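Participant: Sending over target_3.cif (mmCIF, C-alpha atoms and all ligand atoms; chains and numbers go by the auth columns).
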```
data_structure
#
loop_
_atom_site.group_PDB
_atom_site.id
_atom_site.type_symbol
_atom_site.label_atom_id
_atom_site.label_comp_id
_atom_site.label_asym_id
_atom_site.label_seq_id
_atom_site.Cartn_x
_atom_site.Cartn_y
_atom_site.Cartn_z
_atom_site.B_iso_or_equiv
_atom_site.auth_seq_id
_atom_site.auth_asym_id
ATOM 1 C CA MET A 1 21.271 -7.568 -11.947 0.00 251 S
ATOM 2 C CA ALA A 2 17.831 -7.448 -13.494 0.00 252 S
ATOM 3 C CA SER A 3 17.388 -11.126 -12.723 0.00 253 S
ATOM 4 C CA THR A 4 17.940 -10.428 -9.017 0.00 254 S
ATOM 5 C CA ALA A 5 15.052 -8.011 -8.840 0.00 255 S
ATOM 6 C CA ARG A 6 12.869 -10.306 -10.884 0.00 256 S
ATOM 7 C CA ARG A 7 13.615 -13.277 -8.667 0.00 257 S
ATOM 8 C CA THR A 8 13.013 -11.338 -5.469 0.00 258 S
ATOM 9 C CA ARG A 9 9.559 -10.340 -6.634 0.00 259 S
ATOM 10 C CA LYS A 10 8.723 -13.811 -7.825 0.00 260 S
ATOM 11 C CA GLU A 11 9.992 -15.450 -4.614 0.00 261 S
ATOM 12 C CA SER A 12 8.017 -13.173 -2.362 0.00 262 S
ATOM 13 C CA SER A 13 4.793 -13.997 -4.147 0.00 263 S
ATOM 14 C CA ARG A 14 5.434 -17.727 -3.843 0.00 264 S
ATOM 15 C CA SER A 15 5.100 -19.935 -0.825 0.00 265 S
ATOM 16 C CA ARG A 16 7.790 -19.841 1.810 0.00 266 S
ATOM 17 C CA MET A 17 8.883 -23.330 0.792 0.00 267 S
ATOM 18 C CA PRO A 18 12.672 -23.148 0.466 0.00 268 S
ATOM 19 C CA VAL A 19 13.747 -23.727 -3.114 0.00 269 S
ATOM 20 C CA ALA A 20 15.902 -26.716 -2.090 0.00 270 S
ATOM 21 C CA LEU A 21 12.734 -28.529 -1.023 0.00 271 S
ATOM 22 C CA ARG A 22 10.693 -27.765 -4.143 0.00 272 S
ATOM 23 C CA ALA A 23 10.443 -31.104 -5.915 0.00 273 S
ATOM 24 C CA GLY A 24 11.595 -31.111 -9.524 0.00 274 S
ATOM 25 C CA HIS A 25 12.642 -27.468 -9.534 0.00 275 S
ATOM 26 C CA ASP A 26 14.957 -26.236 -12.244 0.00 276 S
ATOM 27 C CA HIS A 27 18.297 -26.269 -10.481 0.00 277 S
ATOM 28 C CA ASP A 28 20.133 -24.672 -13.414 0.00 278 S
ATOM 29 C CA HIS A 29 17.999 -21.681 -12.631 0.00 279 S
ATOM 30 C CA CYS A 30 19.100 -21.737 -8.963 0.00 280 S
ATOM 31 C CA ARG A 31 22.737 -21.825 -10.003 0.00 281 S
ATOM 32 C CA GLU A 32 22.401 -19.084 -12.612 0.00 282 S
ATOM 33 C CA ASP A 33 20.520 -16.869 -10.165 0.00 283 S
ATOM 34 C CA ALA A 34 23.111 -17.465 -7.444 0.00 284 S
ATOM 35 C CA LEU A 35 25.996 -16.538 -9.741 0.00 285 S
ATOM 36 C CA GLY A 36 24.134 -13.521 -11.058 0.00 286 S
ATOM 37 C CA ASP A 37 23.390 -12.373 -7.510 0.00 287 S
ATOM 38 C CA ALA A 38 27.015 -12.921 -6.494 0.00 288 S
ATOM 39 C CA GLU A 39 28.283 -10.822 -9.393 0.00 289 S
ATOM 40 C CA ALA A 40 25.815 -8.045 -8.678 0.00 290 S
ATOM 41 C CA LEU A 41 26.536 -7.983 -4.923 0.00 291 S
ATOM 42 C CA CYS A 42 30.305 -8.048 -5.366 0.00 292 S
ATOM 43 C CA ALA A 43 30.159 -5.278 -7.963 0.00 293 S
ATOM 44 C CA GLU A 44 27.988 -3.210 -5.628 0.00 294 S
ATOM 45 C CA ARG A 45 30.417 -3.704 -2.725 0.00 295 S
ATOM 46 C CA GLY A 46 33.588 -3.371 -4.746 0.00 296 S
ATOM 47 C CA ALA A 47 34.549 -6.922 -3.776 0.00 297 S
ATOM 48 C CA ARG A 48 36.524 -8.901 -6.324 0.00 298 S
ATOM 49 C CA LEU A 49 34.799 -12.040 -7.479 0.00 299 S
ATOM 50 C CA THR A 50 37.896 -13.544 -9.103 0.00 300 S
ATOM 51 C CA SER A 51 37.556 -16.443 -11.517 0.00 301 S
ATOM 52 C CA THR A 52 38.629 -18.919 -8.799 0.00 302 S
ATOM 53 C CA ARG A 53 36.137 -17.533 -6.276 0.00 303 S
ATOM 54 C CA ARG A 54 33.414 -17.616 -8.912 0.00 304 S
ATOM 55 C CA ARG A 55 34.279 -21.176 -9.909 0.00 305 S
ATOM 56 C CA VAL A 56 34.278 -22.319 -6.260 0.00 306 S
ATOM 57 C CA LEU A 57 30.830 -20.775 -5.817 0.00 307 S
ATOM 58 C CA GLU A 58 29.666 -22.528 -8.966 0.00 308 S
ATOM 59 C CA ILE A 59 30.949 -25.872 -7.655 0.00 309 S
ATOM 60 C CA ILE A 60 29.179 -25.286 -4.333 0.00 310 S
ATOM 61 C CA TRP A 61 25.991 -24.607 -6.273 0.00 311 S
ATOM 62 C CA GLN A 62 26.125 -27.914 -8.156 0.00 312 S
ATOM 63 C CA SER A 63 23.415 -29.085 -5.797 0.00 313 S
ATOM 64 C CA HIS A 64 21.641 -28.241 -2.568 0.00 314 S
ATOM 65 C CA ALA A 65 23.784 -30.764 -0.708 0.00 315 S
ATOM 66 C CA PRO A 66 26.788 -29.328 1.089 0.00 316 S
ATOM 67 C CA ILE A 67 30.260 -29.990 -0.275 0.00 317 S
ATOM 68 C CA GLY A 68 33.535 -30.257 1.616 0.00 318 S
ATOM 69 C CA ALA A 69 36.643 -28.192 0.866 0.00 319 S
ATOM 70 C CA TYR A 70 38.560 -31.230 -0.396 0.00 320 S
ATOM 71 C CA ASP A 71 35.775 -32.174 -2.797 0.00 321 S
ATOM 72 C CA ILE A 72 35.903 -28.618 -4.126 0.00 322 S
ATOM 73 C CA LEU A 73 39.656 -28.976 -4.509 0.00 323 S
ATOM 74 C CA ASP A 74 39.196 -32.251 -6.402 0.00 324 S
ATOM 75 C CA ALA A 75 36.684 -30.618 -8.730 0.00 325 S
ATOM 76 C CA LEU A 76 39.152 -27.808 -9.494 0.00 326 S
ATOM 77 C CA LYS A 77 41.941 -30.309 -10.094 0.00 327 S
ATOM 78 C CA ARG A 78 39.751 -32.285 -12.484 0.00 328 S
ATOM 79 C CA GLU A 79 39.474 -29.094 -14.516 0.00 329 S
ATOM 80 C CA GLY A 80 43.235 -29.016 -14.731 0.00 330 S
ATOM 81 C CA LEU A 81 43.683 -26.194 -12.236 0.00 331 S
ATOM 82 C CA THR A 82 46.720 -26.552 -10.019 0.00 332 S
ATOM 83 C CA ALA A 83 44.787 -25.486 -6.953 0.00 333 S
ATOM 84 C CA GLN A 84 46.109 -26.080 -3.450 0.00 334 S
ATOM 85 C CA PRO A 85 44.048 -26.288 -0.250 0.00 335 S
ATOM 86 C CA PRO A 86 44.858 -22.664 0.760 0.00 336 S
ATOM 87 C CA THR A 87 43.445 -21.482 -2.582 0.00 337 S
ATOM 88 C CA VAL A 88 40.152 -23.182 -1.815 0.00 338 S
ATOM 89 C CA TYR A 89 40.064 -21.993 1.789 0.00 339 S
ATOM 90 C CA ARG A 90 40.797 -18.425 0.759 0.00 340 S
ATOM 91 C CA ALA A 91 38.005 -18.559 -1.811 0.00 341 S
ATOM 92 C CA LEU A 92 35.648 -20.046 0.786 0.00 342 S
ATOM 93 C CA ASP A 93 36.583 -17.354 3.323 0.00 343 S
ATOM 94 C CA PHE A 94 35.719 -14.733 0.746 0.00 344 S
ATOM 95 C CA LEU A 95 32.371 -16.350 -0.087 0.00 345 S
ATOM 96 C CA LEU A 96 31.489 -16.698 3.614 0.00 346 S
ATOM 97 C CA ALA A 97 32.501 -13.104 4.350 0.00 347 S
ATOM 98 C CA GLN A 98 30.318 -11.875 1.480 0.00 348 S
ATOM 99 C CA GLY A 99 27.408 -14.007 2.709 0.00 349 S
ATOM 100 C CA LEU A 100 27.337 -15.969 -0.548 0.00 350 S
ATOM 101 C CA ALA A 101 27.876 -19.320 1.154 0.00 351 S
ATOM 102 C CA HIS A 102 27.328 -20.867 4.555 0.00 352 S
ATOM 103 C CA ARG A 103 29.438 -23.384 6.416 0.00 353 S
ATOM 104 C CA ILE A 104 27.504 -26.323 7.830 0.00 354 S
ATOM 105 C CA THR A 105 29.546 -26.861 10.963 0.00 355 S
ATOM 106 C CA SER A 106 28.185 -30.299 11.823 0.00 356 S
ATOM 107 C CA LEU A 107 29.184 -31.576 8.365 0.00 357 S
ATOM 108 C CA ASN A 108 32.266 -29.413 7.882 0.00 358 S
ATOM 109 C CA ALA A 109 30.920 -28.560 4.443 0.00 359 S
ATOM 110 C CA TYR A 110 29.570 -25.597 2.501 0.00 360 S
ATOM 111 C CA ILE A 111 26.370 -24.622 0.744 0.00 361 S
ATOM 112 C CA GLY A 112 25.357 -21.633 -1.299 0.00 362 S
ATOM 113 C CA CYS A 113 23.227 -19.014 0.429 0.00 363 S
ATOM 114 C CA THR A 114 19.743 -18.713 -1.027 0.00 364 S
ATOM 115 C CA ALA A 115 19.290 -15.196 0.340 0.00 365 S
ATOM 116 C CA PRO A 116 22.581 -13.362 -0.240 0.00 366 S
ATOM 117 C CA GLY A 117 22.523 -9.669 0.440 0.00 367 S
ATOM 118 C CA ARG A 118 19.685 -9.994 2.915 0.00 368 S
ATOM 119 C CA SER A 119 20.581 -10.118 6.572 0.00 369 S
ATOM 120 C CA HIS A 120 19.355 -13.372 8.057 0.00 370 S
ATOM 121 C CA GLY A 121 20.193 -15.931 10.698 0.00 371 S
ATOM 122 C CA ALA A 122 21.226 -19.145 9.020 0.00 372 S
ATOM 123 C CA GLN A 123 18.660 -21.790 9.840 0.00 373 S
ATOM 124 C CA MET A 124 19.452 -25.016 8.061 0.00 374 S
ATOM 125 C CA LEU A 125 17.239 -28.054 7.592 0.00 375 S
ATOM 126 C CA ILE A 126 19.582 -30.942 6.829 0.00 376 S
ATOM 127 C CA CYS A 127 18.104 -34.105 5.299 0.00 377 S
ATOM 128 C CA GLU A 128 19.934 -37.106 6.699 0.00 378 S
ATOM 129 C CA ARG A 129 18.939 -39.261 3.717 0.00 379 S
ATOM 130 C CA CYS A 130 19.652 -37.233 0.579 0.00 380 S
ATOM 131 C CA GLY A 131 21.912 -34.615 2.112 0.00 381 S
ATOM 132 C CA THR A 132 19.843 -31.678 0.889 0.00 382 S
ATOM 133 C CA VAL A 133 20.173 -28.585 3.010 0.00 383 S
ATOM 134 C CA ALA A 134 17.321 -26.101 2.924 0.00 384 S
ATOM 135 C CA GLU A 135 17.741 -22.667 4.387 0.00 385 S
ATOM 136 C CA LEU A 136 14.823 -21.225 6.300 0.00 386 S
ATOM 137 C CA GLU A 137 14.442 -17.512 6.558 0.00 387 S
ATOM 138 C CA ASP A 138 12.349 -16.921 9.586 0.00 388 S
ATOM 139 C CA GLY A 139 13.282 -13.790 11.453 0.00 389 S
ATOM 140 C CA ARG A 140 11.348 -14.935 14.510 0.00 390 S
ATOM 141 C CA ILE A 141 13.782 -17.787 15.184 0.00 391 S
ATOM 142 C CA GLY A 142 16.812 -15.513 15.172 0.00 392 S
ATOM 143 C CA ASP A 143 14.991 -12.929 17.278 0.00 393 S
ATOM 144 C CA THR A 144 14.038 -15.525 19.886 0.00 394 S
ATOM 145 C CA VAL A 145 17.619 -16.807 20.144 0.00 395 S
ATOM 146 C CA SER A 146 18.965 -13.243 20.285 0.00 396 S
ATOM 147 C CA SER A 147 16.704 -12.159 23.102 0.00 397 S
ATOM 148 C CA ALA A 148 17.283 -15.367 25.082 0.00 398 S
ATOM 149 C CA ALA A 149 21.045 -14.914 24.718 0.00 399 S
ATOM 150 C CA LYS A 150 20.800 -11.252 25.650 0.00 400 S
ATOM 151 C CA ALA A 151 18.841 -12.158 28.782 0.00 401 S
ATOM 152 C CA VAL A 152 21.827 -14.161 30.037 0.00 402 S
ATOM 153 C CA GLY A 153 24.336 -11.512 29.007 0.00 403 S
ATOM 154 C CA PHE A 154 25.628 -13.421 26.000 0.00 404 S
ATOM 155 C CA LYS A 155 26.721 -11.436 22.979 0.00 405 S
ATOM 156 C CA ILE A 156 26.163 -13.349 19.746 0.00 406 S
ATOM 157 C CA THR A 157 28.779 -12.987 17.028 0.00 407 S
ATOM 158 C CA ASN A 158 27.462 -15.628 14.685 0.00 408 S
ATOM 159 C CA GLN A 159 24.175 -17.412 14.779 0.00 409 S
ATOM 160 C CA ALA A 160 23.531 -20.614 12.879 0.00 410 S
ATOM 161 C CA LEU A 161 21.004 -23.320 13.552 0.00 411 S
ATOM 162 C CA GLU A 162 21.417 -26.805 12.108 0.00 412 S
ATOM 163 C CA VAL A 163 18.400 -29.090 12.233 0.00 413 S
ATOM 164 C CA VAL A 164 18.674 -32.707 11.090 0.00 414 S
ATOM 165 C CA GLY A 165 15.728 -34.708 9.775 0.00 415 S
ATOM 166 C CA VAL A 166 14.079 -36.077 6.644 0.00 416 S
ATOM 167 C CA CYS A 167 12.928 -33.895 3.758 0.00 417 S
ATOM 168 C CA ARG A 168 9.482 -34.291 2.230 0.00 418 S
ATOM 169 C CA ASP A 169 10.739 -36.041 -0.917 0.00 419 S
ATOM 170 C CA CYS A 170 12.649 -38.634 1.094 0.00 420 S
ATOM 171 C CA ALA A 171 9.765 -39.123 3.511 0.00 421 S
ATOM 172 C CA GLU A 172 7.382 -39.711 0.587 0.00 422 S
ATOM 173 C CA ALA A 173 9.819 -42.079 -1.131 0.00 423 S
ATOM 174 C CA SER A 174 10.082 -44.264 1.931 0.00 424 S
ATOM 175 C CA PRO A 175 7.574 -43.204 4.567 0.00 425 S
ATOM 176 C CA THR A 176 8.049 -46.081 6.974 0.00 426 S
ATOM 177 C CA LYS A 177 11.828 -46.040 7.097 0.00 427 S
ATOM 178 C CA ARG A 178 13.172 -44.258 10.071 0.00 428 S
HETATM 179 ZN ZN ZN B . 18.050 -25.717 -6.870 0.00 501 S
HETATM 180 ZN ZN ZN B . 21.835 -17.719 3.758 0.00 502 S
HETATM 181 ZN ZN ZN B . 15.975 -35.844 1.550 0.00 503 S
#
```
Would you mind writing the file's structure down as structure tokens?
Ligand SMILES: [Zn+2]
Ligand SMILES: [Zn+2]
Ligand SMILES: [Zn+2]
Facilitator:
Amino acid sequence: MASTARRTRKESSRSRMPVALRAGHDHDHCREDALGDAEALCAERGARLTSTRRRVLEIIWQSHAPIGAYDILDALKREGLTAQPPTVYRALDFLLAQGLAHRITSLNAYIGCTAPGRSHGAQMLICERCGTVAELEDGRIGDTVSSAAKAVGFKITNQALEVVGVCRDCAEASPTKR
């Protein structure tokens, strides 16, 4: 729980560069923070982060690239767990409901939320080369969409924006390739 507060302070003093796009960052740290945040949030809400749910979240956090439900299932099976697809889907439903993960609709895959516990529209930058997904947290984007939808009498129940392109690392690695 202490690590959550520490991270929040540290993050706010840093640039707004999403962690997924910070070259050479310590990803073990991302994963540990995410699991620590998940435990703290679930405890606070009285939600049960069972060992399966926790393990699924950990698998999702193996990288910043989204992972499909069947790849999660395979990972569980490799660990000798006799998991079935409904087990994985139930765990994913829980993680989505708690805001600990996001579903990338266009890829039918899941990523860990980098801002759990904070209300935000999910704005995803998806790199078409390395598969990294970086989550932006810009309230202005969500506000603009909300007011435009409201103007045409549309009530939003879920707002997610998926933007495909090339991340900075990939662009630097091969600038001319399109
Ligand atoms: Zn990371
Ligand atoms: Zn998020
Ligand atoms: Zn990339």
Participant: How many Å lie between atom ZN of ligand ZN 501 (chain S) and atom CA of S:Val338, rounded to one decimal?
Facilitator: 22.8 Å
Participant: How big is the axis-aligned box around the listed atoms of stretch 305-322 of chain S once 3 Å is added on each side, and where is its centre? Give both in Å to one decimal, as lines of an AutoDock Vina configuration file.
Facilitator:
```
center_x = 30.1
center_y = -26.5
center_z = -4.1
size_x = 22.9
size_y = 17.4
size_z = 17.5
```
Participant: Ranking S:Leu331, S:Ala319, S:Gln348, S:Thr407 by minimum distance to S:Ala293 and counting all atoms listed in the file, which one comes first?
Facilitator: S:Gln348
Participant: Between atom CA of S:Ala398 and atom CA of S:Ala372, measure the distance and give it in Å to one decimal.
Facilitator: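 Going from atom CA of S:Ala398 over to atom CA of S:Ala372, I get 17.0 Å.
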Participant: Quick one: residues within 10 Å of ligand ZN 502 (chain S), with all atoms listed in the file, as a compact mmCIF listing (two decimals) with C-alpha atoms, in the coordinates of the input?
Facilitator:
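Written file, pocket.txt:
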```txt
# COMPACT_ATOMS: atom_id res chain seq x y z
CA LEU S 346 31.49 -16.70 3.61
CA GLY S 349 27.41 -14.01 2.71
CA LEU S 350 27.34 -15.97 -0.55
CA ALA S 351 27.88 -19.32 1.15
CA HIS S 352 27.33 -20.87 4.56
CA ARG S 353 29.44 -23.38 6.42
CA ILE S 361 26.37 -24.62 0.74
CA GLY S 362 25.36 -21.63 -1.30
CA CYS S 363 23.23 -19.01 0.43
CA THR S 364 19.74 -18.71 -1.03
CA ALA S 365 19.29 -15.20 0.34
CA PRO S 366 22.58 -13.36 -0.24
CA GLY S 367 22.52 -9.67 0.44
CA ARG S 368 19.68 -9.99 2.92
CA SER S 369 20.58 -10.12 6.57
CA HIS S 370 19.36 -13.37 8.06
CA GLY S 371 20.19 -15.93 10.70
CA ALA S 372 21.23 -19.14 9.02
CA GLN S 373 18.66 -21.79 9.84
CA MET S 374 19.45 -25.02 8.06
CA ALA S 384 17.32 -26.10 2.92
CA GLU S 385 17.74 -22.67 4.39
CA LEU S 386 14.82 -21.22 6.30
CA GLU S 387 14.44 -17.51 6.56
CA ALA S 410 23.53 -20.61 12.88
```
Participant: Please measure the separation of atom CA of S:Glu289 and atom CA of S:Gln312, giving the value in Å to one decimal.
Facilitator: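 The value is 17.3 Å.
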Participant: Point out the residue among S:Ala315, S:Ala401, S:Leu299, S:Ala288 with the least atom-to-atom distance to ligand ZN 501 (chain S), counting only C-alpha atoms and all ligand atoms.
Facilitator: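 Comparing S:Ala315, S:Ala401, S:Leu299, S:Ala288 against ligand ZN 501 (chain S), the winner is S:Ala315.
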Participant: Applying the PyMOL selection byres (((not hetatm)) within 10 of (chain S and resi 501)) to the file I just gave you, which residues come out? Please list them as a PyMOL selection string.
Facilitator: chain S and resi 268-284+311-315+364+382+384
Participant: Care to translate the PyMOL selection byres (((not hetatm)) within 8 of (chain S and resi 503)) into actual residues of this file, as a list in words?
Facilitator: Cys377, Glu378, Arg379, Cys380, Gly381, Thr382, Val416, Cys417, Arg418, Asp419, Cys420 and Ala421 of chain S
Participant: Between S:Ile406, S:Leu291, S:Gly415, S:Val383, which has the minimum distance to S:Ala359 (counting all atoms listed in the file)?
Facilitator: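 Once distances to S:Ala359 are computed over all atoms listed in the file, the minimum belongs to S:Val383.
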Participant: Can you spell out as a PDB file with C-alpha atoms, in the coordinates of the input the set of residues that the PyMOL selection byres (((chain S and resi 356) around 10) and not hetatm) selects in the structure I just provided?
Facilitator:
```
ATOM      1  CA  ARG S 353      29.438 -23.384   6.416  1.00  0.00           C
ATOM      2  CA  ILE S 354      27.504 -26.323   7.830  1.00  0.00           C
ATOM      3  CA  THR S 355      29.546 -26.861  10.963  1.00  0.00           C
ATOM      4  CA  LEU S 357      29.184 -31.576   8.365  1.00  0.00           C
ATOM      5  CA  ASN S 358      32.266 -29.413   7.882  1.00  0.00           C
ATOM      6  CA  ALA S 359      30.920 -28.560   4.443  1.00  0.00           C
ATOM      7  CA  ILE S 376      19.582 -30.942   6.829  1.00  0.00           C
ATOM      8  CA  GLU S 412      21.417 -26.805  12.108  1.00  0.00           C
ATOM      9  CA  VAL S 413      18.400 -29.090  12.233  1.00  0.00           C
ATOM     10  CA  VAL S 414      18.674 -32.707  11.090  1.00  0.00           C
TER      11      VAL S 414
END
```
Participant: So, with only C-alpha atoms as the atoms that count, which of S:Asn408, S:Thr302, S:Thr332, S:Ser424 lies closest to S:Val395?
Facilitator: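 Ranked by minimum distance to S:Val395, first place goes to S:Asn408.
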